Structures are given as C-alpha cells and as structure tokens.
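Here the structure comes first, spelled out in structure tokens, and everything after it is commentary.
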Amino acid sequence: MRCMGDTKEVKIDPSWLAHLHGEFKQPYFQELTSFVRERYQNAIVYPSPKNIFRAFDLCPFDDVEVVILGQDPYHGPKQANGLCFAVGDGINLPPSLQNIFKEIESDLSRPMIHRTGDLERWAKQGVLLLNATLTVDAHHAGSHQGKGWEQFTDAAIKVLSDERENLVFMLWGNYAKAKGEHIDRTKHLVLESAHPSPFSAHYGFFGNKHFSRVNAYLESHHKKPIDWL
C-alpha cells in the first residue's frame, strides 16, 4: 500500500488491510488519497506519513479490546504521532492528556508510573487510539475534515462492532458520541462522558471512572485488564 504523503510504504497491520480492503478501493478513498498527497507535497501536514495509520499498525484487528475515539490529530509541531490524545516522547502533555492522566490517578487511586505522552504502551495492550480524521494541516485544526477520513474510520468502527464481541468503546464528548451511534450495544460496552478538554472536563469527565470500569468489564469476560498507569 503506497503512502498517502509520498512514495514510501505506509505501515498498517495486514489484519486491518484484510478487514478494510473494500474501503481502499472506494472512489471516496481514491479522492482522499489524492487530497492528502497534495497537502503533504504543498504544506506542512501532521502526523508524519509513516504514522498516518499508526493506531492500526500498533493494534491489530484481533488484538483490539478497547477503542478510544478522538477527533483530529494535534496540529502543532512534533505533537501528532498517529494515536489520538497522544504526543511524541519529550513533548509537553496537552491539557486534555493531562486531564486523562488525572482521572486515571483518581479512578485507580495510584500515581501514574509512565508520564510519557506517547501512549504506545496502551496500544500494544489492545487499546485502539483512533482519531476520526487521520491527518491535518499545521496550525489549522479540522483542515482535513469532510474529505473522506470520517467514512474510513466509521468503517473501522463498524467492522469492529460487527465482527468482534465484548469490546469497550470510550466516547468522550459529543463528537465521539455521535460517531459511536452505530455500535451494537448488545455486544459491547459503550462508555460516554464529557470530553477531557479543560473546557468540559469538569462537566462529567472527571469522576467518570471509565478506566476502572473498562478493566472490570474485561475481567468479567476473562480478559486481561489494561495497565493504564
């Protein structure tokens, strides 16, 4: 599969290629590819091309246990790394991620051991850290919305909902809640709350206890809990 930003190979786990192969052949995806390639050639775009599908690459289809939905990649220098809410090692934690860590510490009554913002450690435990839109122009939030990414990530959510059982979907904020409307709630646990942004965290994100609820659900289905710390 050719990189959308240049001619190098995009790295995406083969299991996702198998489950989403039909999407890559759709006209909308061809148009999306052309748009993204043009933006990488003529503007500064985040994340780096090799990390566009990083969430899928780090978390193969059959390994997914938890899905956290974000909206856009961060649009500041060296921030976006292909995982929603995450930033590269050594980058200051964005306010939303700081609030996520605060809720984890409060919920689990233990301090965070890993203060890095990369979150790869979660992805490798089965947490799909999925943004609705996978690319963005530098300093222009939402600049790649409405170009086809949403349809692609909706397809990823739908195939997980349809073909897997007993997953947990964490939907924070109205955007994520709307994107999760078609999840089969008879087969999966859907946790909803306010967004961890400083503008809304005090209106229902803090105190949602989602992280302990995820682990209780996983353990009740004989699955390994996530080490959030």
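Residue numbering restarts at 1 for every chain of the structure tokens, chains are lettered A, B, ... in their displayed order, and ligands are numbered from 1 as they appear.
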Give me every strand (DSSP E) residue in range 36-190 of chain A, going by DSSP on the backbone, as an mmCIF file with N, CA and C atoms, in the first residue's frame.
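The resulting result-v5.cif:
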```cif
data_model
loop_
_atom_site.group_PDB
_atom_site.id
_atom_site.type_symbol
_atom_site.label_atom_id
_atom_site.label_comp_id
_atom_site.auth_asym_id
_atom_site.auth_seq_id
_atom_site.Cartn_x
_atom_site.Cartn_y
_atom_site.Cartn_z
ATOM 1 N N VAL A 45 2.046 19.013 7.039
ATOM 2 C CA VAL A 45 0.916 18.181 7.448
ATOM 3 C C VAL A 45 1.371 17.248 8.563
ATOM 4 N N TYR A 46 0.503 17.031 9.519
ATOM 5 C CA TYR A 46 0.774 16.108 10.621
ATOM 6 C C TYR A 46 -0.251 14.984 10.619
ATOM 7 N N VAL A 66 -10.190 -2.370 23.500
ATOM 8 C CA VAL A 66 -10.753 -1.074 23.892
ATOM 9 C C VAL A 66 -10.545 -0.112 22.722
ATOM 10 N N VAL A 67 -11.541 0.740 22.473
ATOM 11 C CA VAL A 67 -11.413 1.778 21.454
ATOM 12 C C VAL A 67 -11.644 3.130 22.119
ATOM 13 N N ILE A 68 -10.669 4.028 21.973
ATOM 14 C CA ILE A 68 -10.839 5.413 22.407
ATOM 15 C C ILE A 68 -10.906 6.270 21.148
ATOM 16 N N LEU A 69 -11.962 7.059 21.026
ATOM 17 C CA LEU A 69 -12.170 7.864 19.834
ATOM 18 C C LEU A 69 -11.786 9.318 20.075
ATOM 19 N N GLY A 70 -10.931 9.820 19.204
ATOM 20 C CA GLY A 70 -10.608 11.234 19.184
ATOM 21 C C GLY A 70 -11.168 11.862 17.928
ATOM 22 N N VAL A 127 -5.494 -1.266 23.031
ATOM 23 C CA VAL A 127 -6.291 -0.036 23.019
ATOM 24 C C VAL A 127 -6.101 0.648 21.665
ATOM 25 N N LEU A 128 -7.164 0.673 20.861
ATOM 26 C CA LEU A 128 -7.113 1.342 19.561
ATOM 27 C C LEU A 128 -7.380 2.825 19.785
ATOM 28 N N LEU A 129 -6.350 3.634 19.589
ATOM 29 C CA LEU A 129 -6.411 5.074 19.844
ATOM 30 C C LEU A 129 -6.687 5.780 18.520
ATOM 31 N N LEU A 130 -7.965 5.865 18.172
ATOM 32 C CA LEU A 130 -8.386 6.209 16.817
ATOM 33 C C LEU A 130 -8.953 7.614 16.712
ATOM 34 N N ASN A 131 -8.304 8.447 15.906
ATOM 35 C CA ASN A 131 -8.886 9.727 15.546
ATOM 36 C C ASN A 131 -9.858 9.536 14.392
ATOM 37 N N VAL A 136 -3.876 16.371 9.277
ATOM 38 C CA VAL A 136 -4.290 17.761 9.478
ATOM 39 C C VAL A 136 -3.171 18.689 9.005
ATOM 40 N N ASP A 137 -3.534 19.839 8.443
ATOM 41 C CA ASP A 137 -2.537 20.856 8.111
ATOM 42 C C ASP A 137 -2.011 21.489 9.396
ATOM 43 N N VAL A 168 -14.830 -2.595 24.497
ATOM 44 C CA VAL A 168 -15.242 -1.385 25.206
ATOM 45 C C VAL A 168 -14.934 -0.180 24.318
ATOM 46 N N PHE A 169 -15.941 0.655 24.101
ATOM 47 C CA PHE A 169 -15.777 1.884 23.337
ATOM 48 C C PHE A 169 -15.900 3.064 24.296
ATOM 49 N N MET A 170 -14.880 3.908 24.335
ATOM 50 C CA MET A 170 -14.850 5.069 25.224
ATOM 51 C C MET A 170 -15.095 6.316 24.382
ATOM 52 N N LEU A 171 -16.248 6.931 24.591
ATOM 53 C CA LEU A 171 -16.683 8.063 23.769
ATOM 54 C C LEU A 171 -16.743 9.310 24.636
ATOM 55 N N TRP A 172 -15.810 10.215 24.410
ATOM 56 C CA TRP A 172 -15.703 11.423 25.235
ATOM 57 C C TRP A 172 -16.076 12.645 24.407
ATOM 58 N N LEU A 189 -19.582 -2.876 25.440
ATOM 59 C CA LEU A 189 -19.790 -1.850 26.457
ATOM 60 C C LEU A 189 -19.411 -0.495 25.872
ATOM 61 N N VAL A 190 -20.323 0.460 25.938
ATOM 62 C CA VAL A 190 -20.067 1.808 25.454
ATOM 63 C C VAL A 190 -20.086 2.759 26.647
#
```
Using DSSP on the backbone coordinates, identify the residues of chain A assigned to alpha helix (DSSP H); present them as a ChimeraX atom specification.
/A:14-19,21-24,27-42,54-58,95-108,120-123,149-163,174-179,210-220
Compile the contact shell of Phe199 in chain A as a PyMOL selection string: residues with an atom at most 12 Å away, counting only C-alpha atoms, same-chain residues fewer than 3 positions apart removed.
chain A and resi 95-96+99+173+194-196+202-206
Tell me which of A:Leu108, A:Ala55, A:Leu191, A:Leu119 sits closest to Thr153 in chain A, counting only C-alpha atoms.
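The shortest atom-to-atom distance to Thr153 in chain A comes from A:Ala55.
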I'd like the contact shell of Glu31 in chain A - 12 Å cut-off, only C-alpha atoms, skipping same-chain residues fewer than 6 positions apart - returned as a compact mmCIF listing (two decimals) with N, CA and C atoms, in the first residue's frame.
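Writing done, so here's around-v3.txt:
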```txt
# COMPACT_ATOMS: atom_id res chain seq x y z
N MET A 4 0.24 7.83 1.54
CA MET A 4 -0.60 8.89 1.03
C MET A 4 0.18 10.20 0.90
N GLU A 23 -12.70 -0.67 1.53
CA GLU A 23 -12.66 0.79 1.65
C GLU A 23 -11.57 1.40 0.77
N PHE A 24 -10.43 0.73 0.72
CA PHE A 24 -9.32 1.27 -0.06
C PHE A 24 -9.64 1.34 -1.55
N LYS A 25 -10.63 0.56 -1.99
CA LYS A 25 -10.99 0.54 -3.42
C LYS A 25 -12.12 1.51 -3.76
N ARG A 37 -2.20 13.45 -0.47
CA ARG A 37 -0.90 13.51 -1.14
C ARG A 37 -0.58 14.95 -1.56
N GLU A 38 -1.57 15.65 -2.08
CA GLU A 38 -1.36 17.04 -2.50
C GLU A 38 -0.99 17.91 -1.31
N GLY A 146 -14.10 16.21 6.49
CA GLY A 146 -15.00 16.22 5.36
C GLY A 146 -14.38 15.80 4.04
N LYS A 147 -13.21 15.18 4.09
CA LYS A 147 -12.52 14.75 2.88
C LYS A 147 -12.57 13.24 2.67
N GLY A 148 -13.13 12.52 3.62
CA GLY A 148 -13.24 11.07 3.49
C GLY A 148 -12.72 10.27 4.66
N TRP A 149 -11.89 10.90 5.49
CA TRP A 149 -11.36 10.16 6.64
C TRP A 149 -12.48 9.65 7.54
```
Pick from A:Ser197, A:Phe152, A:Asn166, A:Phe101: nearest to Lys179 in chain A, with only C-alpha atoms counted?
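Looking at the shortest contact to Lys179 in chain A, the residue is A:Phe152.
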Restricting to only C-alpha atoms, whichever of A:Gln71, A:Thr135, A:Gly22, A:Asp107 is closest to Pro49 in chain A is A:Thr135
Neighbouring residues of Asp62 in chain A were defined as those with any atom within 9 Å, considering only C-alpha atoms; residues of the same chain fewer than 6 positions away were excluded. Please report them as JSON, numbers by chain.
{"A": [15, 126, 164]}
Let me make sure I understand: among A:Asn81, A:Ser106, A:Ser193, A:Gln30, which one has the smallest atom-to-atom distance to Leu134 in chain A if we use only C-alpha atoms?
A:Asn81
Which is closest to Val214 in chain A among A:Met112, A:Ile104, A:His21, A:Ile157, if we use only C-alpha atoms?
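Ranking A:Met112, A:Ile104, A:His21, A:Ile157 by distance to Val214 in chain A, first place goes to A:Ile104.
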Using only C-alpha atoms, pick whichever of A:Tyr40, A:Phe29, A:Tyr74, A:Phe85 has the shortest atom-to-atom distance to Gly142 in chain A.
A:Tyr74
In Å to one decimal, how far is CA of Ala80 in chain A from CA of Pro94 in chain A?
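Spanning CA of Pro94 in chain A to CA of Ala80 in chain A is a straight-line distance of 10.8 Å.
Here CA of Asn92 in chain A is placed at a distance of 16.2 Å from CA of Glu120 in chain A.
The space between CA of His139 in chain A and CA of His75 in chain A spans 5.0 Å.
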